[in-house]
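Colleague: Sharing a structure, written as structure tokens. Questions coming.
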Amino acid sequence: MNTNSIQPEGITGVVDRVVARWRHDPTCMVQILREVQETCDWLPPEAIDRTQELLGVPRTSIEGVAHFYSFFYTQPRGLYRILVSDNITDRMLGNMALLDRLCQSLWVEPGKVSEDGLVSVDTTSDTGMGDQGPALLVNNYAVTRLSEARVDEIVDLVRGKVPLAQWPADYFKVEDNVRRADIMLGHALKPGDALRAAWGRAPAAMLEEIKRSNLRGRGGAGFTTGLKWEACRNAPLKAGQQRIVVCNADEGEPGTFKDRVLLASHADLVFEGMTVAAYAVGATRGFLYLRGEYRHLLDSLNGVLERRRQEGLLGKGILGVPGADFDIEIHLGAGAYICGEESALIESLEGKRGTPRNRPPFPVTNGYQDQPTIVNNVETFAAAALIAVHGGDWYASIGTKQSAGTKILSVSGDCERPGLYEYPFGVTVRQVLEDCGARDTQAVQVSGPSGVCVGAGEFDRRIGFEDIPTAGAFMVFDQSRDMFEVARNFVHFFQHESCGFCTPCRVGTSLLKNMMDKLHKGLGSRFDFAEIEQLNQLLKATSHCGLGHTACNPVLDTVAKFRPAYDQRLRRQDFMPAFDLDMALAEARQMTGRQDSGAHFKTEFGEG
Amino acid sequence: MDTPVKKKLKVATASLAGCFGCHTSFLDIDERLLTLLEYIEFDRSPLTDIKEVSPDCDIGIIEGGVCNAENVHVLREYRKNCKVLIAIGACAYNGNIPVYRNQFPLPVVLEEVYHTGPGLANGLIPNDPELPLPLNKVHPIHEVVKVDYTIPGCPPSGDAIWKFLTDLLAGREPELGHGLLRYD
Amino acid sequence: MSDTFTLDGKTISFTEGQTIMQAATDAGVYIPHLCYLPELKPHGSCKLCTVKINGRETSSCTMRAAAGMVVESDTEEINSQRRALIHMLFVEGNHLCPTCEVSGNCKLQATAYHLGFMSPQFDHFFPIRRVDASHPDIWLDFNRCILCSLCVQASRDVDGKNVFGLSGRGIKSRLIVNSKSGKLADTDMAVTDKAAQVCPVGVILKKRTAFKTPIGERTYDKKPISEVPDTPAKER
Ligand SMILES: Cc1cc2nc3c(=O)[nH]c(=O)nc-3n(C[C@H](O)[C@H](O)[C@H](O)COP(=O)(O)O)c2cc1C
Ligand code: SF4
Ligand code: SF4
Ligand code: SF4
Ligand code: FES
């Protein structure tokens, strides 16, 4: 698990080994840096030097990548690098108190490394354990169901320098928590079933079947899968090119964790769907882009791939058919939500910074290394495997007219039974709330921060592309929750995850975060509110990609539906500075030793 | 000017963390100042002896950014008493030269000035209660109070100030075209 | 083949493959832009060139023109968005025009003038940024970088050198230099490089040339940027 030791090979030895393992291929930069860090605990300058020597790329392209992804460290971060998941659902479960406890016991400030260089503690975006939080990552491995007792034990293990491999296995146990299974979570297919069914048709007929199914993408945007595949299939190949199938397992949207379960317990179904796709579009190379937070799944997934190769379900001559070649390589992300956006994902697969591309051209014609590429969500591929076996008509008959099939919801927050709920499309919000044991519900955030906030008056609305489209997150908030704080947490998330490429999102998410923090501190007035509205409008209109477009949704939604939560923070008649004026004199007071009345701001302006 | 104003508008001005360049530029509108004085009268200002801003002041014009406690008090007094508050010049508008110190923590700045800097070695950081304490950072005035208008420039030219004020007095949205709108 | 679209009601003809920006420039219509230079591949990051096409906002520097498009650019709605974008670029860096040697020749400043930006409301970030004076002929003042990437592209695609690159993420994004030390002196940058000519603001500066042109004679003193949108840097 973690070796915490670069002996005996030394830093250059580590880099040599890792670079060779990744074929001296600069497009594998993210993987190379990740593996180097897994051994060295950070990316020391010597490692960057050596990587540059071996790959012959400009140093800027290594440093640019190393500084883009949250999980890469170019400064020492300790033998134990603890990142506490900080989604709103973790907050509701008390993650901040546990973070404080951890930091106090370990004598370390949040965001810093302990003085002895042993451990660092910080927060990170949602780690995909919303059904079993609060959660944290230690050296990228997920620890779930944190409690005070567990935190205290972790402190002892860290202090005792116990290697991660010897930590109690129970810490790292990730439950599936499947609460309602339907055609997907309840399938009974065996490895190879979907492939044999697909191979029984011509590739064009397989594509036809997907089109008949009316399957739409499960990653959020809901693009018709058959059309995407067809466009890729029809895209001309230049000399030396091949078609590419990419499975998007970045699952970065806070509150979403269904891909985690599909990959943990139904990996064959997902890989089978990818292989069906490859067959239908004529692709020979595949990637699974797995979020770095799911490091715990990597080894078993590689095992599944290897087994499938041995069973003739992957690799050269699939099912014994000469020329039926398709293989899958897993790339792990390194802490960047934006890499879930398909063109940023492709950049990351190419070993670059995860910056969304200009579109058109779209990936279906100019994707991975400029080759025709389909990118689909994990659940989309799983559905494709089911369709290969049961046919498009069968699938289209489930769900609603515009939303065929089922949808897996990741339910978390204020309810008795968080976990996965698979329903045919068309289920009402109310039904889901009833099934998961939610009481006194104030609101549901459907599809994560970039989705919609549904208030109590709207619980008869339905999940589906006709009404409430969703990538799967379903976060429940009861009446005790402050919806302003929910929105503020989401705004912080977007600010942290903005890739920084375009002006409105790079600067705008920071401005928005500062404004929300100002309101939080009780320094807000109507003037600030006007600024918030303007920022939202600007982000929506001018951002480069979906992140910026949706970064304002949480605020717009909560303003529209939970206005009192804002009004109570906008009581000030007069404009106030965003900073505490009296604190702004603290340094000068300390330097001069003054405590007289002139050394303080006592009365607040205009507030009687 | 298009519309004759019956009662003269009261105009108060102040210089905070600035260099008086903007005030000087104000006087650069030359003989037009006389025309202007048919419509306005000066309230508290470095140009007058009035010590406090009248509660019914119409226009406050602030030069300079906010770098110490006194600046904050003065700025708030103007904001409280003026119907319209105008930031004049780069220092009021974005902090300008004084914000160079924002690159360093205040203790480092004070140490450098009073202890380690040449000529002042072993000096003492003044702690006289009569002196305003510096804020840890310098701020443009719109970060401290609500500002209604800005006349950029370092300093804005007399022509720009004239154009701006005449627009405002005539009830137009002030506009500075090519050559008048300048940040330097 | 030549087709047409309308831009603020004016008919603009274009050839297959041209972007809206290119076609507009050919027709002598100015659309504000900062990260676009006619001779480099459009980058699409500053968003100053945002226009509305058939009612939807898009970057005109990357969007291919299509026959019959109805494009709006010079409207109060779009210009106020552009002012806000300009304002964002000002507050995320440290832009003190009175002390800046490209003042009067700066595209950011000139674009702000063109848009009539004069009412700040956002708080400044006052980031701590470096200056790199290591190179004998060039100095870098990162305080003013707007991350337009033009120098990155020019060095890579025109000079074949890769002197610059982007690093960091989000608001911590920054320009870096291709050397172990991180210093420009340790790169093969030359003052004659294309990369030394493209910076729209005052980051990449030639030593010993500052403040040579008297105020009043500088590029945008003489004409607004809308009349001289892409003046080569050596003439700026
Ligand atoms: C900021 C952002 C993040 C995204 N994250 C994900 C993700 O984690 N997983 C995913 O499948 N799609 C994600 N998407 C959507 C993808 O861009 C893409 O539409 C999707 O993978 C296509 O697959 P589908 O058609 O099967 O849904 C994201 C989009 C944006 C704009
Ligand atoms: S909208 Fe945000 S995430 Fe998307 S390209 Fe712009 S900065 Fe990057
Ligand atoms: S780069 Fe342009 S906007 Fe920035 S300080 Fe210099 S002149 Fe002003
Ligand atoms: S240095 Fe200049 S050209 Fe390079 S990215 Fe920054 S602003 Fe653009
Ligand atoms: S000029 Fe088009 S985005 Fe910058």
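Identifiers in this document derive from the order of the structure tokens: chains are assigned A, B, ..., residues are numbered from 1 separately in each chain, and ligands are numbered from 1 in order of occurrence.
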If the limit is 7 Å from any atom of ligand 4, counting only C-alpha atoms and all ligand atoms, which residues qualify? Return them as a list in words.
Modeller: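 Residues satisfying the distance criterion: Phe142, Arg144, Cys145, Ile146, Leu147, Cys148, Ser149, Leu150, Cys151, Val152, Leu175, Val198, Cys199, Pro200, Val201, Gly202, Val203 and Ile204 of chain C.
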Colleague: I want to know what sits within 10 Å of Leu75 of chain B, based on only C-alpha atoms, with residues of the same chain fewer than 5 positions away left out; could you give that as a PyMOL selection string?
Modeller: chain B and resi 14-16+60-62+65-66+69-70+80+85+141+144-145
Colleague: Emit the selected residues as a tab-separated table (two decimals), in the first residue's frame, including N, CA, C and O atoms.
Modeller:
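So the final result, stored in selection10.tsv, reads:
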chain	number	residue	atom	x	y	z
B	14	ALA	N	-11.55	65.54	0.32
B	14	ALA	CA	-10.56	65.10	1.29
B	14	ALA	C	-9.43	64.38	0.58
B	14	ALA	O	-9.63	63.81	-0.48
B	15	SER	N	-8.27	64.42	1.19
B	15	SER	CA	-7.15	63.63	0.68
B	15	SER	C	-6.75	62.63	1.75
B	15	SER	O	-6.39	63.01	2.85
B	16	LEU	N	-6.84	61.34	1.42
B	16	LEU	CA	-6.44	60.31	2.38
B	16	LEU	C	-5.00	59.90	2.03
B	16	LEU	O	-4.13	60.74	2.02
B	60	GLY	N	-19.27	64.38	-2.05
B	60	GLY	CA	-17.97	64.21	-1.40
B	60	GLY	C	-16.99	63.69	-2.45
B	60	GLY	O	-17.32	62.78	-3.22
B	61	ILE	N	-15.83	64.30	-2.47
B	61	ILE	CA	-14.81	63.86	-3.43
B	61	ILE	C	-13.58	63.42	-2.65
B	61	ILE	O	-13.02	64.20	-1.88
B	62	ILE	N	-13.20	62.16	-2.82
B	62	ILE	CA	-12.11	61.61	-2.02
B	62	ILE	C	-10.91	61.29	-2.89
B	62	ILE	O	-11.00	60.53	-3.85
B	65	GLY	N	-6.15	56.48	-1.10
B	65	GLY	CA	-6.67	55.23	-0.59
B	65	GLY	C	-6.72	55.24	0.93
B	65	GLY	O	-6.52	56.27	1.57
B	66	VAL	N	-7.00	54.07	1.49
B	66	VAL	CA	-7.16	53.95	2.93
B	66	VAL	C	-6.00	53.16	3.49
B	66	VAL	O	-5.86	51.97	3.19
B	69	ALA	N	-6.03	54.13	10.35
B	69	ALA	CA	-7.30	54.27	11.07
B	69	ALA	C	-7.94	55.63	10.81
B	69	ALA	O	-9.16	55.73	10.65
B	70	GLU	N	-7.12	56.68	10.75
B	70	GLU	CA	-7.68	58.00	10.53
B	70	GLU	C	-8.37	58.09	9.16
B	70	GLU	O	-9.46	58.65	9.04
B	80	LYS	N	-21.07	59.28	5.36
B	80	LYS	CA	-22.26	59.47	6.17
B	80	LYS	C	-22.98	60.76	5.79
B	80	LYS	O	-24.21	60.82	5.78
B	85	LEU	N	-20.85	60.07	-3.27
B	85	LEU	CA	-19.42	60.01	-2.96
B	85	LEU	C	-18.63	59.63	-4.21
B	85	LEU	O	-18.96	58.66	-4.90
B	141	ILE	N	-10.77	53.00	-1.76
B	141	ILE	CA	-11.87	53.41	-0.86
B	141	ILE	C	-13.14	52.59	-1.05
B	141	ILE	O	-13.91	52.41	-0.12
B	144	VAL	N	-14.00	49.97	1.44
B	144	VAL	CA	-14.32	50.35	2.82
B	144	VAL	C	-15.71	50.98	2.94
B	144	VAL	O	-16.43	50.75	3.91
B	145	VAL	N	-16.07	51.79	1.96
B	145	VAL	CA	-17.43	52.36	1.94
B	145	VAL	C	-18.00	52.23	0.54
B	145	VAL	O	-17.28	51.95	-0.42
Colleague: Calculated over only C-alpha atoms and all ligand atoms, which of the candidates B:Ser25, B:Ser45, B:Asn68, B:Asn94 has the smallest distance to ligand 3?
Modeller: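 Closest candidate: B:Asn94.
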Colleague: Counting only C-alpha atoms and all ligand atoms, what residues are within 9 Å of ligand 2, given as a PDB file with N, CA and C atoms, in the first residue's frame?
Modeller:
ATOM      1  N   TYR A 337     -11.691  17.944 -10.132  1.00  0.00           N
ATOM      2  CA  TYR A 337     -13.079  17.731 -10.577  1.00  0.00           C
ATOM      3  C   TYR A 337     -13.242  18.029 -12.055  1.00  0.00           C
ATOM      4  N   ILE A 338     -12.507  19.028 -12.527  1.00  0.00           N
ATOM      5  CA  ILE A 338     -12.675  19.443 -13.917  1.00  0.00           C
ATOM      6  C   ILE A 338     -12.344  18.307 -14.883  1.00  0.00           C
ATOM      7  N   GLU A 341     -15.002  16.641 -16.946  1.00  0.00           N
ATOM      8  CA  GLU A 341     -15.472  17.252 -18.202  1.00  0.00           C
ATOM      9  C   GLU A 341     -14.717  16.547 -19.306  1.00  0.00           C
ATOM     10  N   ALA A 344     -11.450  17.943 -20.918  1.00  0.00           N
ATOM     11  CA  ALA A 344     -10.384  18.075 -19.913  1.00  0.00           C
ATOM     12  C   ALA A 344      -9.869  16.690 -19.536  1.00  0.00           C
ATOM     13  N   GLY A 354      -5.542  19.553 -16.878  1.00  0.00           N
ATOM     14  CA  GLY A 354      -6.936  19.272 -17.254  1.00  0.00           C
ATOM     15  C   GLY A 354      -7.706  20.527 -17.604  1.00  0.00           C
ATOM     16  N   THR A 355      -7.408  21.062 -18.757  1.00  0.00           N
ATOM     17  CA  THR A 355      -8.094  22.270 -19.206  1.00  0.00           C
ATOM     18  C   THR A 355      -9.071  21.904 -20.319  1.00  0.00           C
ATOM     19  N   PRO A 356     -10.329  22.301 -20.199  1.00  0.00           N
ATOM     20  CA  PRO A 356     -11.280  21.964 -21.261  1.00  0.00           C
ATOM     21  C   PRO A 356     -10.872  22.577 -22.603  1.00  0.00           C
ATOM     22  N   ARG A 357     -11.087  21.833 -23.644  1.00  0.00           N
ATOM     23  CA  ARG A 357     -10.710  22.299 -24.983  1.00  0.00           C
ATOM     24  C   ARG A 357     -11.771  23.220 -25.561  1.00  0.00           C
ATOM     25  N   PHE A 494     -16.646  24.954  -6.043  1.00  0.00           N
ATOM     26  CA  PHE A 494     -16.374  25.409  -7.418  1.00  0.00           C
ATOM     27  C   PHE A 494     -15.118  26.283  -7.462  1.00  0.00           C
ATOM     28  N   GLN A 495     -14.959  27.113  -6.442  1.00  0.00           N
ATOM     29  CA  GLN A 495     -13.766  27.968  -6.438  1.00  0.00           C
ATOM     30  C   GLN A 495     -12.505  27.104  -6.398  1.00  0.00           C
ATOM     31  N   GLU A 497     -12.180  24.110  -7.463  1.00  0.00           N
ATOM     32  CA  GLU A 497     -12.038  23.222  -8.611  1.00  0.00           C
ATOM     33  C   GLU A 497     -11.947  23.937  -9.957  1.00  0.00           C
ATOM     34  N   SER A 498     -12.182  25.235  -9.976  1.00  0.00           N
ATOM     35  CA  SER A 498     -12.050  25.967 -11.236  1.00  0.00           C
ATOM     36  C   SER A 498     -10.664  25.708 -11.812  1.00  0.00           C
ATOM     37  N   CYS A 499     -10.594  25.417 -13.100  1.00  0.00           N
ATOM     38  CA  CYS A 499      -9.283  25.076 -13.664  1.00  0.00           C
ATOM     39  C   CYS A 499      -8.445  26.310 -13.898  1.00  0.00           C
ATOM     40  N   GLY A 500      -9.087  27.484 -13.964  1.00  0.00           N
ATOM     41  CA  GLY A 500      -8.334  28.722 -14.108  1.00  0.00           C
ATOM     42  C   GLY A 500      -8.089  29.146 -15.539  1.00  0.00           C
ATOM     43  N   PHE A 501      -8.638  28.413 -16.472  1.00  0.00           N
ATOM     44  CA  PHE A 501      -8.383  28.749 -17.875  1.00  0.00           C
ATOM     45  C   PHE A 501      -9.051  30.062 -18.280  1.00  0.00           C
ATOM     46  N   CYS A 502     -10.315  30.206 -17.976  1.00  0.00           N
ATOM     47  CA  CYS A 502     -11.016  31.400 -18.473  1.00  0.00           C
ATOM     48  C   CYS A 502     -11.258  32.428 -17.356  1.00  0.00           C
ATOM     49  N   THR A 503     -11.251  33.682 -17.753  1.00  0.00           N
ATOM     50  CA  THR A 503     -11.355  34.783 -16.792  1.00  0.00           C
ATOM     51  C   THR A 503     -12.594  34.697 -15.890  1.00  0.00           C
ATOM     52  N   PRO A 504     -13.791  34.545 -16.458  1.00  0.00           N
ATOM     53  CA  PRO A 504     -14.976  34.648 -15.593  1.00  0.00           C
ATOM     54  C   PRO A 504     -15.006  33.622 -14.477  1.00  0.00           C
ATOM     55  N   CYS A 505     -14.583  32.403 -14.776  1.00  0.00           N
ATOM     56  CA  CYS A 505     -14.655  31.360 -13.757  1.00  0.00           C
ATOM     57  C   CYS A 505     -13.453  31.440 -12.833  1.00  0.00           C
ATOM     58  N   ARG A 506     -12.282  31.673 -13.392  1.00  0.00           N
ATOM     59  CA  ARG A 506     -11.076  31.747 -12.551  1.00  0.00           C
ATOM     60  C   ARG A 506     -11.234  32.825 -11.486  1.00  0.00           C
ATOM     61  N   VAL A 507     -11.612  34.025 -11.920  1.00  0.00           N
ATOM     62  CA  VAL A 507     -11.721  35.135 -10.972  1.00  0.00           C
ATOM     63  C   VAL A 507     -13.107  35.158 -10.327  1.00  0.00           C
ATOM     64  N   THR A 509     -15.311  32.794  -9.579  1.00  0.00           N
ATOM     65  CA  THR A 509     -15.607  31.869  -8.480  1.00  0.00           C
ATOM     66  C   THR A 509     -14.931  32.347  -7.191  1.00  0.00           C
ATOM     67  N   LEU A 539     -20.983  34.560 -14.919  1.00  0.00           N
ATOM     68  CA  LEU A 539     -20.456  33.200 -15.010  1.00  0.00           C
ATOM     69  C   LEU A 539     -21.272  32.374 -15.979  1.00  0.00           C
ATOM     70  N   THR A 542     -20.589  33.802 -19.739  1.00  0.00           N
ATOM     71  CA  THR A 542     -19.305  33.907 -20.434  1.00  0.00           C
ATOM     72  C   THR A 542     -18.289  32.810 -20.128  1.00  0.00           C
ATOM     73  N   SER A 543     -18.611  31.875 -19.246  1.00  0.00           N
ATOM     74  CA  SER A 543     -17.618  30.852 -18.911  1.00  0.00           C
ATOM     75  C   SER A 543     -17.350  29.918 -20.081  1.00  0.00           C
ATOM     76  N   HIS A 544     -16.194  29.286 -20.012  1.00  0.00           N
ATOM     77  CA  HIS A 544     -15.724  28.436 -21.099  1.00  0.00           C
ATOM     78  C   HIS A 544     -16.363  27.057 -21.072  1.00  0.00           C
ATOM     79  N   CYS A 545     -16.661  26.544 -19.883  1.00  0.00           N
ATOM     80  CA  CYS A 545     -17.175  25.178 -19.813  1.00  0.00           C
ATOM     81  C   CYS A 545     -18.270  25.063 -18.766  1.00  0.00           C
ATOM     82  N   GLY A 546     -18.773  23.858 -18.650  1.00  0.00           N
ATOM     83  CA  GLY A 546     -19.888  23.590 -17.757  1.00  0.00           C
ATOM     84  C   GLY A 546     -19.623  23.950 -16.307  1.00  0.00           C
ATOM     85  N   LEU A 547     -18.380  23.860 -15.876  1.00  0.00           N
ATOM     86  CA  LEU A 547     -18.107  24.175 -14.472  1.00  0.00           C
ATOM     87  C   LEU A 547     -18.497  25.620 -14.173  1.00  0.00           C
ATOM     88  N   GLY A 548     -18.013  26.519 -15.003  1.00  0.00           N
ATOM     89  CA  GLY A 548     -18.334  27.930 -14.792  1.00  0.00           C
ATOM     90  C   GLY A 548     -19.816  28.214 -14.997  1.00  0.00           C
ATOM     91  N   HIS A 549     -20.408  27.530 -15.991  1.00  0.00           N
ATOM     92  CA  HIS A 549     -21.828  27.762 -16.258  1.00  0.00           C
ATOM     93  C   HIS A 549     -22.698  27.390 -15.074  1.00  0.00           C
ATOM     94  N   THR A 550     -22.294  26.338 -14.372  1.00  0.00           N
ATOM     95  CA  THR A 550     -23.164  25.857 -13.297  1.00  0.00           C
ATOM     96  C   THR A 550     -22.711  26.324 -11.919  1.00  0.00           C
ATOM     97  N   ALA A 551     -21.533  26.959 -11.857  1.00  0.00           N
ATOM     98  CA  ALA A 551     -21.000  27.354 -10.550  1.00  0.00           C
ATOM     99  C   ALA A 551     -21.941  28.297  -9.804  1.00  0.00           C
TER     100      ALA A 551
ATOM    101  N   SER C  45      -9.547  32.159 -23.968  1.00  0.00           N
ATOM    102  CA  SER C  45      -9.596  32.137 -22.510  1.00  0.00           C
ATOM    103  C   SER C  45     -10.023  33.454 -21.854  1.00  0.00           C
ATOM    104  N   ARG C 169      -3.442  26.027 -10.633  1.00  0.00           N
ATOM    105  CA  ARG C 169      -4.833  25.806 -11.034  1.00  0.00           C
ATOM    106  C   ARG C 169      -5.704  26.903 -10.454  1.00  0.00           C
ATOM    107  N   GLY C 170      -6.816  27.170 -11.144  1.00  0.00           N
ATOM    108  CA  GLY C 170      -7.789  28.123 -10.630  1.00  0.00           C
ATOM    109  C   GLY C 170      -7.154  29.481 -10.420  1.00  0.00           C
ATOM    110  N   ILE C 171      -7.499  30.094  -9.310  1.00  0.00           N
ATOM    111  CA  ILE C 171      -6.998  31.442  -9.046  1.00  0.00           C
ATOM    112  C   ILE C 171      -5.492  31.414  -8.765  1.00  0.00           C
TER     113      ILE C 171
END
Colleague: Name the residues, by chain letter and number, that sit within 8 Å of ligand 1 using only C-alpha atoms and all ligand atoms, and give them as a PyMOL selection string.
Modeller: chain A and resi 216-225+228+247-253+337-343+375-381+471+545-548
Colleague: For N, CA and C atoms, I'd like the residues from the last selection saved as a CSV table (one decimal), in the first residue's frame.
Modeller:
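Output saved as again.csv:
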chain,number,residue,atom,x,y,z
A,216,ARG,N,-29.6,7.5,-23.0
A,216,ARG,CA,-29.0,8.8,-22.9
A,216,ARG,C,-27.9,8.8,-21.8
A,217,GLY,N,-26.9,9.6,-22.0
A,217,GLY,CA,-25.7,9.6,-21.2
A,217,GLY,C,-26.1,9.8,-19.7
A,218,ARG,N,-25.4,9.1,-18.8
A,218,ARG,CA,-25.7,9.2,-17.4
A,218,ARG,C,-24.8,10.1,-16.6
A,219,GLY,N,-23.9,10.8,-17.4
A,219,GLY,CA,-22.9,11.6,-16.7
A,219,GLY,C,-23.4,13.0,-16.4
A,220,GLY,N,-24.6,13.3,-16.9
A,220,GLY,CA,-25.2,14.6,-16.5
A,220,GLY,C,-25.9,15.3,-17.7
A,221,ALA,N,-25.1,15.4,-18.8
A,221,ALA,CA,-25.6,16.2,-20.0
A,221,ALA,C,-26.8,15.4,-20.7
A,222,GLY,N,-26.8,14.1,-20.6
A,222,GLY,CA,-27.9,13.4,-21.2
A,222,GLY,C,-27.9,13.3,-22.7
A,223,PHE,N,-26.7,13.4,-23.3
A,223,PHE,CA,-26.6,13.3,-24.8
A,223,PHE,C,-27.0,11.9,-25.2
A,224,THR,N,-27.7,11.7,-26.3
A,224,THR,CA,-28.1,10.4,-26.8
A,224,THR,C,-26.9,9.6,-27.2
A,225,THR,N,-26.8,8.5,-26.5
A,225,THR,CA,-25.6,7.6,-26.7
A,225,THR,C,-25.4,7.1,-28.1
A,228,LYS,N,-23.9,9.7,-30.4
A,228,LYS,CA,-22.5,9.9,-30.1
A,228,LYS,C,-21.7,8.8,-30.7
A,247,CYS,N,-14.0,5.5,-20.7
A,247,CYS,CA,-15.1,5.4,-19.6
A,247,CYS,C,-14.7,6.5,-18.6
A,248,ASN,N,-15.7,7.4,-18.3
A,248,ASN,CA,-15.5,8.5,-17.4
A,248,ASN,C,-15.9,8.1,-16.0
A,249,ALA,N,-14.9,7.7,-15.2
A,249,ALA,CA,-15.2,7.3,-13.8
A,249,ALA,C,-14.6,8.4,-12.9
A,250,ASP,N,-14.7,9.6,-13.3
A,250,ASP,CA,-14.1,10.7,-12.5
A,250,ASP,C,-15.0,11.0,-11.3
A,251,GLU,N,-16.3,10.8,-11.5
A,251,GLU,CA,-17.3,10.9,-10.4
A,251,GLU,C,-17.0,12.0,-9.4
A,252,GLY,N,-16.8,13.2,-9.9
A,252,GLY,CA,-16.3,14.2,-9.0
A,252,GLY,C,-17.5,15.1,-8.4
A,253,GLU,N,-18.7,14.9,-9.0
A,253,GLU,CA,-19.8,15.8,-8.5
A,253,GLU,C,-20.1,15.4,-7.1
A,337,TYR,N,-11.7,17.9,-10.1
A,337,TYR,CA,-13.1,17.7,-10.6
A,337,TYR,C,-13.2,18.0,-12.1
A,338,ILE,N,-12.5,19.0,-12.5
A,338,ILE,CA,-12.7,19.4,-13.9
A,338,ILE,C,-12.3,18.3,-14.9
A,339,CYS,N,-11.5,17.3,-14.4
A,339,CYS,CA,-11.2,16.2,-15.3
A,339,CYS,C,-12.3,15.3,-15.6
A,340,GLY,N,-13.5,15.6,-15.0
A,340,GLY,CA,-14.7,14.8,-15.4
A,340,GLY,C,-15.3,15.4,-16.6
A,341,GLU,N,-15.0,16.6,-16.9
A,341,GLU,CA,-15.5,17.3,-18.2
A,341,GLU,C,-14.7,16.5,-19.3
A,342,GLU,N,-15.4,16.1,-20.3
A,342,GLU,CA,-14.8,15.1,-21.2
A,342,GLU,C,-13.6,15.6,-21.9
A,343,SER,N,-13.5,16.9,-22.4
A,343,SER,CA,-12.3,17.3,-23.1
A,343,SER,C,-11.2,17.5,-22.1
A,375,VAL,N,-16.6,9.4,-25.1
A,375,VAL,CA,-16.4,9.4,-23.7
A,375,VAL,C,-17.8,9.2,-23.1
A,376,ASN,N,-18.0,8.2,-22.3
A,376,ASN,CA,-19.2,7.9,-21.6
A,376,ASN,C,-19.0,7.6,-20.2
A,377,ASN,N,-20.1,7.9,-19.5
A,377,ASN,CA,-20.1,7.6,-18.0
A,377,ASN,C,-20.1,6.1,-17.7
A,378,VAL,N,-19.7,5.7,-16.6
A,378,VAL,CA,-19.7,4.3,-16.1
A,378,VAL,C,-21.0,3.7,-16.3
A,379,GLU,N,-22.0,4.4,-15.8
A,379,GLU,CA,-23.4,3.8,-15.8
A,379,GLU,C,-23.9,3.7,-17.2
A,380,THR,N,-23.5,4.6,-18.1
A,380,THR,CA,-23.9,4.5,-19.5
A,380,THR,C,-23.4,3.2,-20.1
A,381,PHE,N,-22.1,2.9,-19.9
A,381,PHE,CA,-21.6,1.6,-20.4
A,381,PHE,C,-22.2,0.4,-19.8
A,471,ALA,N,-27.2,13.5,-12.7
A,471,ALA,CA,-26.0,12.6,-12.8
A,471,ALA,C,-26.0,11.6,-11.7
A,545,CYS,N,-16.7,26.5,-19.9
A,545,CYS,CA,-17.2,25.2,-19.8
A,545,CYS,C,-18.3,25.1,-18.8
A,546,GLY,N,-18.8,23.9,-18.6
A,546,GLY,CA,-19.9,23.6,-17.8
A,546,GLY,C,-19.6,24.0,-16.3
A,547,LEU,N,-18.4,23.9,-15.9
A,547,LEU,CA,-18.1,24.2,-14.5
A,547,LEU,C,-18.5,25.6,-14.2
A,548,GLY,N,-18.0,26.5,-15.0
A,548,GLY,CA,-18.3,27.9,-14.8
A,548,GLY,C,-19.8,28.2,-15.0
Colleague: Starting from chain B, keep only residues with some atom at most 8 Å from an atom of chain C, counting only C-alpha atoms, and report them as a PyMOL selection string.
Modeller: chain B and resi 93-94+96-97+102-103+142-143+148-152+154+175-179+181-184
Colleague: Could you tell me, as a PyMOL selection string, which residues of segment 14-85 of chain B DSSP assigns to helix (DSSP H, G or I) when given the backbone?
Modeller: chain B and resi 21-27+32-37+69-81
Colleague: Could you name the residues that touch Thr50 of chain C at 9 Å or less, counting only C-alpha atoms, but leaving out those on the same chain fewer than 5 positions away, as a PyMOL selection string?
Modeller: (chain A and resi 541-542) or (chain C and resi 31-33+57-61+73+78+81-82)
Colleague: Could you name the residues that touch segment 121-135 of chain B at 10 Å or less, counting only C-alpha atoms, but leaving out those on the same chain fewer than 4 positions away, as number ranges by chain?
Modeller: A: 581-589, 591-600; B: 66-72, 106, 110-117, 139
Colleague: List the spatial neighbours of Thr213 of chain C as a PyMOL selection string - criterion: any atom at most 10 Å away, only C-alpha atoms, same-chain residues fewer than 6 positions off excluded.
Modeller: chain C and resi 101-102+104-105+219+236
Colleague: Nearest to chain A among B:Leu165, B:Val108, B:Leu180, B:Leu33, with distances taken over only C-alpha atoms: which residue is it?
Modeller: B:Val108
Colleague: So how far away is atom CA of Gln31 of chain A from atom CA of Thr144 of chain A, in Å?
Modeller: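 Result for atom CA of Thr144 of chain A versus atom CA of Gln31 of chain A: 25.4 Å, one decimal.
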